[in-house]
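To be precise, the following lines are query.pdb, and they hold PDB, C-alpha atoms.
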MODEL        1
ATOM      1  CA  MET A   1      14.266 -28.075 -18.015
ATOM      2  CA  ARG A   2      13.381 -24.597 -19.301
ATOM      3  CA  HIS A   3      11.078 -22.521 -17.126
ATOM      4  CA  PRO A   4       8.286 -20.457 -18.718
ATOM      5  CA  ALA A   5       9.278 -16.895 -19.526
ATOM      6  CA  SER A   6       6.647 -15.606 -17.109
ATOM      7  CA  LEU A   7       8.081 -17.406 -14.078
ATOM      8  CA  GLY A   8      10.723 -14.781 -13.289
ATOM      9  CA  PRO A   9       8.327 -11.795 -13.439
ATOM     10  CA  ALA A  10       5.744 -13.711 -11.397
ATOM     11  CA  LEU A  11       8.313 -14.497  -8.702
ATOM     12  CA  ALA A  12       9.392 -10.838  -8.715
ATOM     13  CA  LEU A  13       5.802  -9.740  -8.067
ATOM     14  CA  MET A  14       5.437 -12.320  -5.298
ATOM     15  CA  PHE A  15       8.639 -11.013  -3.712
ATOM     16  CA  ASN A  16       7.187  -7.497  -3.667
ATOM     17  CA  ALA A  17       3.941  -8.819  -2.177
ATOM     18  CA  PHE A  18       5.938 -10.700   0.454
ATOM     19  CA  VAL A  19       7.920  -7.591   1.405
ATOM     20  CA  TRP A  20       4.731  -5.586   1.908
ATOM     21  CA  GLY A  21       2.865  -8.463   3.513
ATOM     22  CA  VAL A  22       5.387  -9.024   6.297
ATOM     23  CA  SER A  23       6.551  -5.393   6.649
ATOM     24  CA  TRP A  24       4.445  -5.056   9.795
ATOM     25  CA  TRP A  25       6.998  -7.142  11.720
ATOM     26  CA  PRO A  26      10.104  -4.936  11.168
ATOM     27  CA  PHE A  27       8.013  -1.804  11.716
ATOM     28  CA  ARG A  28       6.936  -3.161  15.097
ATOM     29  CA  ARG A  29      10.535  -4.015  15.971
ATOM     30  CA  LEU A  30      11.591  -0.473  15.056
ATOM     31  CA  GLU A  31       8.801   0.963  17.203
ATOM     32  CA  GLN A  32      10.019  -1.137  20.131
ATOM     33  CA  ALA A  33      13.440   0.428  19.557
ATOM     34  CA  GLY A  34      11.849   3.888  19.922
ATOM     35  CA  LEU A  35      11.296   4.770  16.248
ATOM     36  CA  HIS A  36       7.668   5.635  15.443
ATOM     37  CA  PRO A  37       6.379   4.102  12.168
ATOM     38  CA  LEU A  38       5.872   7.566  10.649
ATOM     39  CA  ALA A  39       9.488   8.524  11.342
ATOM     40  CA  ALA A  40      10.630   5.102  10.127
ATOM     41  CA  THR A  41       8.656   5.534   6.895
ATOM     42  CA  ALA A  42      10.176   8.970   6.290
ATOM     43  CA  LEU A  43      13.738   7.724   6.802
ATOM     44  CA  ILE A  44      13.226   4.577   4.721
ATOM     45  CA  TYR A  45      11.825   6.434   1.740
ATOM     46  CA  LEU A  46      14.409   9.192   2.015
ATOM     47  CA  LEU A  47      17.054   6.546   1.332
ATOM     48  CA  ALA A  48      15.116   5.422  -1.738
ATOM     49  CA  VAL A  49      14.772   9.022  -2.965
ATOM     50  CA  ILE A  50      18.545   9.514  -2.725
ATOM     51  CA  ALA A  51      19.152   6.275  -4.639
ATOM     52  CA  ILE A  52      16.701   7.145  -7.434
ATOM     53  CA  ALA A  53      17.970  10.734  -7.682
ATOM     54  CA  CYS A  54      21.517   9.433  -8.135
ATOM     55  CA  TRP A  55      20.315   6.888 -10.699
ATOM     56  CA  GLN A  56      18.213   9.319 -12.754
ATOM     57  CA  PRO A  57      19.070  12.904 -11.744
ATOM     58  CA  ARG A  58      16.937  14.382 -14.552
ATOM     59  CA  ALA A  59      13.802  12.921 -12.981
ATOM     60  CA  TRP A  60      13.585  15.891 -10.592
ATOM     61  CA  ARG A  61      13.009  18.296 -13.489
ATOM     62  CA  GLU A  62      10.180  16.145 -14.829
ATOM     63  CA  VAL A  63       8.493  15.901 -11.427
ATOM     64  CA  LEU A  64       8.706  19.650 -10.850
ATOM     65  CA  ALA A  65       7.488  20.432 -14.371
ATOM     66  CA  HIS A  66       4.296  18.349 -14.228
ATOM     67  CA  PRO A  67       1.876  19.254 -11.394
ATOM     68  CA  ALA A  68      -0.088  16.030 -11.956
ATOM     69  CA  LEU A  69       2.887  14.139 -10.566
ATOM     70  CA  TRP A  70       2.498  16.134  -7.336
ATOM     71  CA  VAL A  71      -0.846  14.363  -6.852
ATOM     72  CA  LEU A  72       1.117  11.129  -7.108
ATOM     73  CA  VAL A  73       3.472  12.447  -4.430
ATOM     74  CA  ILE A  74       0.563  13.034  -2.029
ATOM     75  CA  ALA A  75      -1.262   9.799  -2.900
ATOM     76  CA  SER A  76       1.795   7.586  -2.530
ATOM     77  CA  GLY A  77       2.897   9.355   0.633
ATOM     78  CA  THR A  78      -0.506   8.998   2.268
ATOM     79  CA  THR A  79      -0.661   5.326   1.279
ATOM     80  CA  ASN A  80       2.644   4.487   2.900
ATOM     81  CA  ALA A  81       2.182   6.609   6.012
ATOM     82  CA  ALA A  82      -1.313   5.247   6.683
ATOM     83  CA  PHE A  83      -0.554   1.588   5.932
ATOM     84  CA  ASN A  84       2.733   1.399   7.837
ATOM     85  CA  TRP A  85       1.268   3.121  10.885
ATOM     86  CA  ALA A  86      -1.863   0.963  10.816
ATOM     87  CA  VAL A  87      -0.120  -2.427  10.644
ATOM     88  CA  THR A  88       2.233  -1.346  13.427
ATOM     89  CA  ILE A  89      -0.489  -0.545  15.952
ATOM     90  CA  GLY A  90      -3.535  -2.520  14.771
ATOM     91  CA  ASP A  91      -4.787  -6.010  13.994
ATOM     92  CA  VAL A  92      -2.798  -6.788  10.839
ATOM     93  CA  VAL A  93      -5.420  -9.041   9.230
ATOM     94  CA  ARG A  94      -8.211  -6.507   9.727
ATOM     95  CA  VAL A  95      -6.078  -3.584   8.515
ATOM     96  CA  VAL A  96      -4.912  -5.375   5.357
ATOM     97  CA  LEU A  97      -8.448  -6.403   4.401
ATOM     98  CA  LEU A  98      -9.751  -2.859   4.855
ATOM     99  CA  PHE A  99      -6.773  -1.583   2.853
ATOM    100  CA  TYR A 100      -7.825  -3.872   0.006
ATOM    101  CA  LEU A 101     -11.098  -2.022  -0.381
ATOM    102  CA  MET A 102      -8.950  -0.376  -3.043
ATOM    103  CA  PRO A 103     -11.010  -1.847  -5.975
ATOM    104  CA  LEU A 104     -14.063   0.044  -4.686
ATOM    105  CA  TRP A 105     -12.222   3.369  -4.653
ATOM    106  CA  ALA A 106     -10.506   2.592  -7.964
ATOM    107  CA  VAL A 107     -13.845   2.320  -9.774
ATOM    108  CA  LEU A 108     -14.997   5.703  -8.475
ATOM    109  CA  LEU A 109     -11.675   7.456  -9.082
ATOM    110  CA  ALA A 110     -11.268   5.979 -12.574
ATOM    111  CA  ARG A 111     -14.727   7.305 -13.429
ATOM    112  CA  LEU A 112     -13.865  10.752 -12.058
ATOM    113  CA  LEU A 113     -10.283  11.144 -13.311
ATOM    114  CA  LEU A 114     -10.072   8.843 -16.344
ATOM    115  CA  HIS A 115     -13.717   9.074 -17.443
ATOM    116  CA  GLU A 116     -14.013   5.300 -17.607
ATOM    117  CA  ARG A 117     -17.549   4.032 -17.979
ATOM    118  CA  LEU A 118     -19.130   1.974 -15.218
ATOM    119  CA  THR A 119     -19.412  -1.579 -16.518
ATOM    120  CA  ARG A 120     -21.466  -4.330 -14.933
ATOM    121  CA  LEU A 121     -18.285  -5.956 -13.656
ATOM    122  CA  ALA A 122     -17.207  -2.652 -12.101
ATOM    123  CA  LEU A 123     -20.545  -2.257 -10.332
ATOM    124  CA  ALA A 124     -20.359  -5.879  -9.185
ATOM    125  CA  ARG A 125     -16.983  -5.378  -7.544
ATOM    126  CA  VAL A 126     -18.209  -2.168  -5.918
ATOM    127  CA  GLY A 127     -21.092  -4.135  -4.433
ATOM    128  CA  LEU A 128     -18.841  -6.979  -3.287
ATOM    129  CA  ALA A 129     -16.313  -4.628  -1.692
ATOM    130  CA  LEU A 130     -19.057  -2.677   0.093
ATOM    131  CA  ALA A 131     -20.687  -5.870   1.346
ATOM    132  CA  GLY A 132     -17.352  -7.169   2.622
ATOM    133  CA  ALA A 133     -16.600  -3.908   4.398
ATOM    134  CA  MET A 134     -20.034  -3.864   6.035
ATOM    135  CA  VAL A 135     -19.573  -7.418   7.314
ATOM    136  CA  ILE A 136     -16.152  -6.595   8.777
ATOM    137  CA  LEU A 137     -17.134  -3.238  10.287
ATOM    138  CA  TRP A 138     -20.605  -4.093  11.567
ATOM    139  CA  PRO A 139     -20.623  -3.565  15.352
ATOM    140  CA  ALA A 140     -20.503  -6.779  17.357
ATOM    141  CA  ASP A 141     -23.537  -5.703  19.399
ATOM    142  CA  GLY A 142     -25.538  -5.115  16.219
ATOM    143  CA  GLY A 143     -26.083  -1.406  16.887
ATOM    144  CA  GLY A 144     -24.749   1.597  15.024
ATOM    145  CA  TRP A 145     -23.338   2.027  11.550
ATOM    146  CA  PRO A 146     -20.652  -0.182   9.957
ATOM    147  CA  LEU A 147     -17.896   2.427  10.181
ATOM    148  CA  PRO A 148     -14.265   2.233  11.330
ATOM    149  CA  ARG A 149     -14.144   2.593  15.116
ATOM    150  CA  ALA A 150     -10.424   2.709  15.844
ATOM    151  CA  LEU A 151      -7.426   4.575  14.439
ATOM    152  CA  PRO A 152      -5.888   1.496  12.709
ATOM    153  CA  GLU A 153      -9.183   0.850  10.886
ATOM    154  CA  TRP A 154      -9.416   4.448   9.682
ATOM    155  CA  LEU A 155      -5.793   4.337   8.585
ATOM    156  CA  GLY A 156      -6.426   1.112   6.670
ATOM    157  CA  VAL A 157      -9.377   2.631   4.796
ATOM    158  CA  VAL A 158      -7.530   5.900   4.078
ATOM    159  CA  GLY A 159      -4.474   3.946   2.929
ATOM    160  CA  GLY A 160      -6.585   1.882   0.530
ATOM    161  CA  PHE A 161      -8.244   4.984  -0.914
ATOM    162  CA  SER A 162      -4.927   6.740  -1.465
ATOM    163  CA  PHE A 163      -3.473   3.543  -2.971
ATOM    164  CA  ALA A 164      -6.335   3.503  -5.490
ATOM    165  CA  LEU A 165      -5.627   7.177  -6.280
ATOM    166  CA  ASN A 166      -1.946   6.315  -6.650
ATOM    167  CA  ASN A 167      -2.731   3.575  -9.186
ATOM    168  CA  VAL A 168      -5.179   5.713 -11.156
ATOM    169  CA  MET A 169      -2.627   8.535 -11.352
ATOM    170  CA  LEU A 170       0.038   6.091 -12.538
ATOM    171  CA  ARG A 171      -2.264   5.147 -15.408
ATOM    172  CA  ARG A 172      -3.121   8.777 -16.121
ATOM    173  CA  GLU A 173       0.562   9.764 -16.182
ATOM    174  CA  ALA A 174       1.746   6.726 -18.139
ATOM    175  CA  ALA A 175       3.553   9.021 -20.590
ATOM    176  CA  ARG A 176       5.953  10.173 -17.880
ATOM    177  CA  SER A 177       9.258   8.376 -17.452
ATOM    178  CA  ASP A 178       9.601   5.483 -15.005
ATOM    179  CA  GLY A 179      12.226   7.449 -13.101
ATOM    180  CA  ALA A 180       9.955  10.479 -12.620
ATOM    181  CA  ARG A 181       7.014   8.391 -11.456
ATOM    182  CA  ALA A 182       9.188   6.362  -9.085
ATOM    183  CA  LEU A 183      10.786   9.523  -7.711
ATOM    184  CA  ALA A 184       7.353  11.088  -7.157
ATOM    185  CA  MET A 185       6.143   7.999  -5.292
ATOM    186  CA  PHE A 186       9.185   7.650  -3.051
ATOM    187  CA  SER A 187       9.375  11.404  -2.444
ATOM    188  CA  GLY A 188       5.787  11.266  -1.257
ATOM    189  CA  GLY A 189       6.606   8.377   1.056
ATOM    190  CA  ALA A 190       9.307  10.476   2.696
ATOM    191  CA  LEU A 191       7.582  13.879   2.633
ATOM    192  CA  VAL A 192       4.085  13.025   3.897
ATOM    193  CA  ALA A 193       5.365  10.768   6.672
ATOM    194  CA  ALA A 194       7.929  13.380   7.755
ATOM    195  CA  LEU A 195       5.321  16.160   7.865
ATOM    196  CA  LEU A 196       2.894  14.007   9.848
ATOM    197  CA  ALA A 197       5.587  12.836  12.245
ATOM    198  CA  THR A 198       6.798  16.385  12.845
ATOM    199  CA  GLY A 199       3.339  17.869  13.286
ATOM    200  CA  LEU A 200       2.050  15.139  15.603
ATOM    201  CA  SER A 201       5.294  15.157  17.578
ATOM    202  CA  MET A 202       5.040  18.912  18.166
ATOM    203  CA  GLN A 203       1.563  18.311  19.609
ATOM    204  CA  GLY A 204       2.848  15.504  21.801
ATOM    205  CA  LEU A 205       0.708  12.887  20.058
ATOM    206  CA  VAL A 206       3.614  10.747  18.836
ATOM    207  CA  PRO A 207       7.194  10.467  20.104
ATOM    208  CA  GLY A 208       9.920  12.463  18.410
ATOM    209  CA  LEU A 209      12.955  11.068  16.657
ATOM    210  CA  PRO A 210      14.982   9.061  19.196
ATOM    211  CA  THR A 211      18.705   9.313  19.785
ATOM    212  CA  PRO A 212      20.462   7.355  17.021
ATOM    213  CA  THR A 213      21.472   3.832  17.997
ATOM    214  CA  PHE A 214      22.966   1.094  15.882
ATOM    215  CA  GLY A 215      19.846  -1.073  16.301
ATOM    216  CA  TRP A 216      17.185   1.173  14.812
ATOM    217  CA  VAL A 217      19.496   2.897  12.320
ATOM    218  CA  ALA A 218      20.622  -0.460  10.893
ATOM    219  CA  GLY A 219      17.024  -1.697  10.906
ATOM    220  CA  ALA A 220      15.751   1.368   9.040
ATOM    221  CA  VAL A 221      18.532   1.143   6.440
ATOM    222  CA  GLY A 222      17.909  -2.571   5.953
ATOM    223  CA  LEU A 223      14.162  -2.086   5.572
ATOM    224  CA  GLY A 224      14.749   0.789   3.156
ATOM    225  CA  LEU A 225      16.919  -1.419   0.943
ATOM    226  CA  LEU A 226      14.300  -4.154   1.115
ATOM    227  CA  PHE A 227      11.515  -1.787   0.033
ATOM    228  CA  LEU A 228      13.684  -0.467  -2.798
ATOM    229  CA  ALA A 229      14.331  -4.031  -3.973
ATOM    230  CA  GLY A 230      10.611  -4.768  -3.729
ATOM    231  CA  ASN A 231       9.735  -1.725  -5.835
ATOM    232  CA  LEU A 232      12.282  -2.694  -8.491
ATOM    233  CA  ALA A 233      10.836  -6.216  -8.493
ATOM    234  CA  LEU A 234       7.345  -4.765  -8.929
ATOM    235  CA  GLN A 235       8.418  -2.653 -11.897
ATOM    236  CA  TYR A 236      10.212  -5.638 -13.456
ATOM    237  CA  GLY A 237       7.263  -7.998 -13.063
ATOM    238  CA  ALA A 238       4.471  -5.558 -13.930
ATOM    239  CA  ALA A 239       6.239  -4.564 -17.154
ATOM    240  CA  ARG A 240       6.393  -8.192 -18.339
ATOM    241  CA  LEU A 241       3.034  -9.624 -17.324
ATOM    242  CA  PRO A 242      -0.557  -8.736 -18.261
ATOM    243  CA  ALA A 243      -2.295  -6.348 -15.877
ATOM    244  CA  ASN A 244      -4.787  -9.004 -14.794
ATOM    245  CA  ALA A 245      -2.002 -11.427 -13.882
ATOM    246  CA  THR A 246      -0.204  -8.696 -11.934
ATOM    247  CA  ALA A 247      -3.366  -7.857  -9.984
ATOM    248  CA  VAL A 248      -3.984 -11.494  -9.037
ATOM    249  CA  ILE A 249      -0.391 -12.160  -7.995
ATOM    250  CA  MET A 250      -0.268  -9.003  -5.887
ATOM    251  CA  LEU A 251      -3.226 -10.321  -3.890
ATOM    252  CA  THR A 252      -0.802 -12.783  -2.313
ATOM    253  CA  GLU A 253       0.092  -9.847  -0.053
ATOM    254  CA  VAL A 254      -3.137 -10.584   1.818
ATOM    255  CA  LEU A 255      -2.020 -14.196   2.252
ATOM    256  CA  PHE A 256       1.489 -13.273   3.415
ATOM    257  CA  ALA A 257       0.211 -10.623   5.824
ATOM    258  CA  SER A 258      -2.573 -12.765   7.270
ATOM    259  CA  ALA A 259      -0.508 -15.916   7.636
ATOM    260  CA  SER A 260       2.429 -14.144   9.271
ATOM    261  CA  ALA A 261       0.183 -12.113  11.591
ATOM    262  CA  LEU A 262      -1.839 -15.134  12.696
ATOM    263  CA  ALA A 263       1.322 -17.181  13.242
ATOM    264  CA  LEU A 264       2.983 -14.470  15.334
ATOM    265  CA  GLY A 265      -0.087 -13.299  17.245
ATOM    266  CA  ALA A 266      -0.467  -9.922  15.520
ATOM    267  CA  GLY A 267      -3.931 -10.623  14.109
ATOM    268  CA  THR A 268      -7.119 -12.591  14.612
ATOM    269  CA  LEU A 269      -9.495 -14.315  12.226
ATOM    270  CA  ASP A 270     -13.118 -15.149  12.986
ATOM    271  CA  ALA A 271     -15.996 -16.222  10.755
ATOM    272  CA  ARG A 272     -17.238 -12.684  10.131
ATOM    273  CA  LEU A 273     -13.786 -11.407   9.185
ATOM    274  CA  ALA A 274     -13.280 -14.404   6.889
ATOM    275  CA  VAL A 275     -16.595 -13.819   5.084
ATOM    276  CA  GLY A 276     -16.026 -10.076   4.705
ATOM    277  CA  GLY A 277     -12.443 -10.620   3.618
ATOM    278  CA  ALA A 278     -13.504 -13.186   1.012
ATOM    279  CA  ALA A 279     -15.917 -10.648  -0.503
ATOM    280  CA  ILE A 280     -13.208  -7.966  -0.655
ATOM    281  CA  VAL A 281     -10.699 -10.356  -2.255
ATOM    282  CA  ALA A 282     -13.377 -11.450  -4.744
ATOM    283  CA  ALA A 283     -13.856  -7.791  -5.706
ATOM    284  CA  ALA A 284     -10.120  -7.517  -6.387
ATOM    285  CA  LEU A 285     -10.249 -10.678  -8.520
ATOM    286  CA  LEU A 286     -13.125  -9.193 -10.501
ATOM    287  CA  ALA A 287     -10.922  -6.157 -11.137
ATOM    288  CA  ALA A 288      -8.269  -8.471 -12.575
ATOM    289  CA  ARG A 289     -10.854 -10.144 -14.790
ATOM    290  CA  GLU A 290     -12.024  -6.765 -16.067
ATOM    291  CA  HIS A 291      -8.437  -5.820 -16.970
ATOM    292  CA  HIS A 292      -8.177  -9.098 -18.883
ATOM    293  CA  ALA A 293     -11.402  -8.423 -20.789
ATOM    294  CA  ALA A 294     -10.205  -4.926 -21.670
TER     295      ALA A 294
ENDMDL
END

Encoded form using structure tokens:
Amino acid sequence: MRHPASLGPALALMFNAFVWGVSWWPFRRLEQAGLHPLAATALIYLLAVIAIACWQPRAWREVLAHPALWVLVIASGTTNAAFNWAVTIGDVVRVVLLFYLMPLWAVLLARLLLHERLTRLALARVGLALAGAMVILWPADGGGWPLPRALPEWLGVVGGFSFALNNVMLRREAARSDGARALAMFSGGALVAALLATGLSMQGLVPGLPTPTFGWVAGAVGLGLLFLAGNLALQYGAARLPANATAVIMLTEVLFASASALALGAGTLDARLAVGGAAIVAAALLAAREHHAA
């Protein structure tokens, strides 16, 4: 029996979503071994940078020659540093849902950087995402503003904003080669995390790099290879499926993250979180529908 041509790309995208969805678990194991998630992120992406540089050595020239790709470096680096740190120390379900406020930020950034007009669908997903965030962040005692109140929540929101900027910049710099864009993204993952880890370590806010042991070194290398495979799967699938299909399939990351966190005790789910999360996911689905209409 012949499978549809879209099955392989769809499975590739689901593999990438799975890698990101369950990445909180290896990051927590590495932290238990003494490796802070910022240091782990820097080491993991450094391995990917070396691999891409060996694969396409000319990509460095392109990155250095186009300052717009430096924005991609910062956006991608902030995304990875914030998300990996947040899911290591916070409630995974809550962090992932706040991270997926990305459609809200994407509308605003696309208007600012790509000069896209604000359609009714775009305004609808902004409203849905805002409503979902307010439900999730509203204080339990009913007082105060619906704002992040803990470091993991702030990191989740910042990570989602920088992820939206990352995606908008990828669209803006679509004329650049795949190798240059991938190198910019992975370089950012290594550079931003390394700078944060070094600066916070010097202030005594996070632990420094531990003495190398087989456990955390092997874990970091293994996770780096897994992320590299996930990124290659993402590029393979996204290049062969419509943008709306890619957006919907990538939402399975929320499912993988939530299910694994709830099963392993790294997250909680109550009625308010479920309602707010449903609104945020609906906003992301509206984004997929808008891509399809375009």

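Every residue that the PyMOL selection byres ((chain A and resi 9-17) around 6) selects in this file is listed here: Ser6, Leu7, Gly8, Phe18, Val19, Trp20, Gly21, Gly230, Ala233, Leu234, Gly237, Met250 and Glu253 of chain A.
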
- Target residues per the PyMOL selection byres ((chain A and resi 206) around 12), formatted as a ChimeraX atom specification: /A:31,34-39,85,196-205,207-210

- Message: Using the chain letters and numbers from this file, what does the PyMOL selection byres ((chain A and resi 278-280) around 10) select? Give the answer as a PyMOL selection string.
- Response: chain A and resi 97-104+125-133+135-136+272-277+281-286

- Query: Out of A:Thr246, A:Ala42, A:Gly90, A:Ser187, which residue has the shortest atom-to-atom distance to Arg149 in chain A when counting only C-alpha atoms?
  - Reply: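 Checking each of A:Thr246, A:Ala42, A:Gly90, A:Ser187 against Arg149 in chain A, counting only C-alpha atoms, the winner is A:Gly90.
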
Centre, x/y/z edge lengths, axis-aligned box for range 225-234 of chain A with 6 Å per side, as AutoDock Vina command-line options:
--center_x 12.1 --center_y -3.3 --center_z -3.9 --size_x 21.6 --size_y 17.7 --size_z 22.0

- Item | d(CA of Gly215 in chain A, CA of Leu30 in chain A) in Å | 8.4 Å

- Item | Counting all atoms listed in the file, the residue of A:Ala220, A:Leu147, A:Leu47, A:Leu170 that sits nearest Met185 in chain A |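 When distances to Met185 in chain A are compared using all atoms listed in the file, the smallest one comes from A:Leu170.
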
- Query: For the atom pair CA of Val92 in chain A and CA of Phe161 in chain A, what is the interatomic distance in Å to one decimal place?
  - Reply: 17.5 Å

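The list of residues with at least one atom within 10 Å of Val192 in chain A, based on only C-alpha atoms and without residues fewer than 3 positions apart in the same chain, reads A:Leu38, A:Thr41, A:Ala42, A:Val73, A:Ile74, A:Ala75, A:Ser76, A:Gly77, A:Thr78, A:Thr79, A:Asn80, A:Ala81, A:Ala82, A:Ser187, A:Gly188, A:Gly189, A:Leu195, A:Leu196, A:Ala197, A:Thr198.
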
Could you write those residues out with C-alpha atoms, as a short mmCIF file (atom, residue, chain, number, x, y, z; two decimals), in the coordinates of the input?
data_model
loop_
_atom_site.label_atom_id
_atom_site.label_comp_id
_atom_site.auth_asym_id
_atom_site.auth_seq_id
_atom_site.Cartn_x
_atom_site.Cartn_y
_atom_site.Cartn_z
CA LEU A 38 5.87 7.57 10.65
CA THR A 41 8.66 5.53 6.90
CA ALA A 42 10.18 8.97 6.29
CA VAL A 73 3.47 12.45 -4.43
CA ILE A 74 0.56 13.03 -2.03
CA ALA A 75 -1.26 9.80 -2.90
CA SER A 76 1.80 7.59 -2.53
CA GLY A 77 2.90 9.36 0.63
CA THR A 78 -0.51 9.00 2.27
CA THR A 79 -0.66 5.33 1.28
CA ASN A 80 2.64 4.49 2.90
CA ALA A 81 2.18 6.61 6.01
CA ALA A 82 -1.31 5.25 6.68
CA SER A 187 9.38 11.40 -2.44
CA GLY A 188 5.79 11.27 -1.26
CA GLY A 189 6.61 8.38 1.06
CA LEU A 195 5.32 16.16 7.86
CA LEU A 196 2.89 14.01 9.85
CA ALA A 197 5.59 12.84 12.24
CA THR A 198 6.80 16.39 12.84
#

- Can you work out the spacing between CA of Ser260 in chain A and CA of Pro152 in chain A in Å, to one decimal?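 Going from CA of Ser260 in chain A over to CA of Pro152 in chain A, I get 18.0 Å.
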
Final N, CA and C atoms of range 233-249 of chain A as a short mmCIF file (atom, residue, chain, number, x, y, z; two decimals), in the coordinates of the input:
data_model
loop_
_atom_site.label_atom_id
_atom_site.label_comp_id
_atom_site.auth_asym_id
_atom_site.auth_seq_id
_atom_site.Cartn_x
_atom_site.Cartn_y
_atom_site.Cartn_z
N ALA A 233 11.44 -4.95 -8.09
CA ALA A 233 10.84 -6.22 -8.49
C ALA A 233 9.43 -5.99 -9.05
N LEU A 234 8.68 -5.08 -8.45
CA LEU A 234 7.34 -4.76 -8.93
C LEU A 234 7.40 -4.19 -10.34
N GLN A 235 8.30 -3.25 -10.57
CA GLN A 235 8.42 -2.65 -11.90
C GLN A 235 8.84 -3.69 -12.93
N TYR A 236 9.75 -4.58 -12.54
CA TYR A 236 10.21 -5.64 -13.46
C TYR A 236 9.07 -6.58 -13.81
N GLY A 237 8.33 -7.04 -12.81
CA GLY A 237 7.26 -8.00 -13.06
C GLY A 237 6.07 -7.39 -13.78
N ALA A 238 5.65 -6.18 -13.34
CA ALA A 238 4.47 -5.56 -13.93
C ALA A 238 4.69 -5.18 -15.39
N ALA A 239 5.94 -4.92 -15.77
CA ALA A 239 6.24 -4.56 -17.15
C ALA A 239 6.24 -5.77 -18.08
N ARG A 240 6.25 -6.98 -17.53
CA ARG A 240 6.39 -8.19 -18.34
C ARG A 240 5.21 -9.14 -18.26
N LEU A 241 4.21 -8.78 -17.46
CA LEU A 241 3.03 -9.62 -17.32
C LEU A 241 1.77 -8.81 -17.61
N PRO A 242 0.71 -9.46 -18.06
CA PRO A 242 -0.56 -8.74 -18.26
C PRO A 242 -1.06 -8.13 -16.95
N ALA A 243 -1.82 -7.05 -17.07
CA ALA A 243 -2.30 -6.35 -15.88
C ALA A 243 -3.14 -7.25 -14.99
N ASN A 244 -3.94 -8.13 -15.61
CA ASN A 244 -4.79 -9.00 -14.79
C ASN A 244 -3.95 -9.99 -13.99
N ALA A 245 -2.88 -10.50 -14.60
CA ALA A 245 -2.00 -11.43 -13.88
C ALA A 245 -1.29 -10.71 -12.73
N THR A 246 -0.85 -9.48 -12.99
CA THR A 246 -0.20 -8.70 -11.93
C THR A 246 -1.15 -8.48 -10.76
N ALA A 247 -2.39 -8.13 -11.04
CA ALA A 247 -3.37 -7.86 -9.98
C ALA A 247 -3.62 -9.10 -9.13
N VAL A 248 -3.73 -10.26 -9.78
CA VAL A 248 -3.98 -11.49 -9.04
C VAL A 248 -2.78 -11.87 -8.18
N ILE A 249 -1.59 -11.78 -8.75
CA ILE A 249 -0.39 -12.16 -8.00
C ILE A 249 -0.18 -11.23 -6.80
#
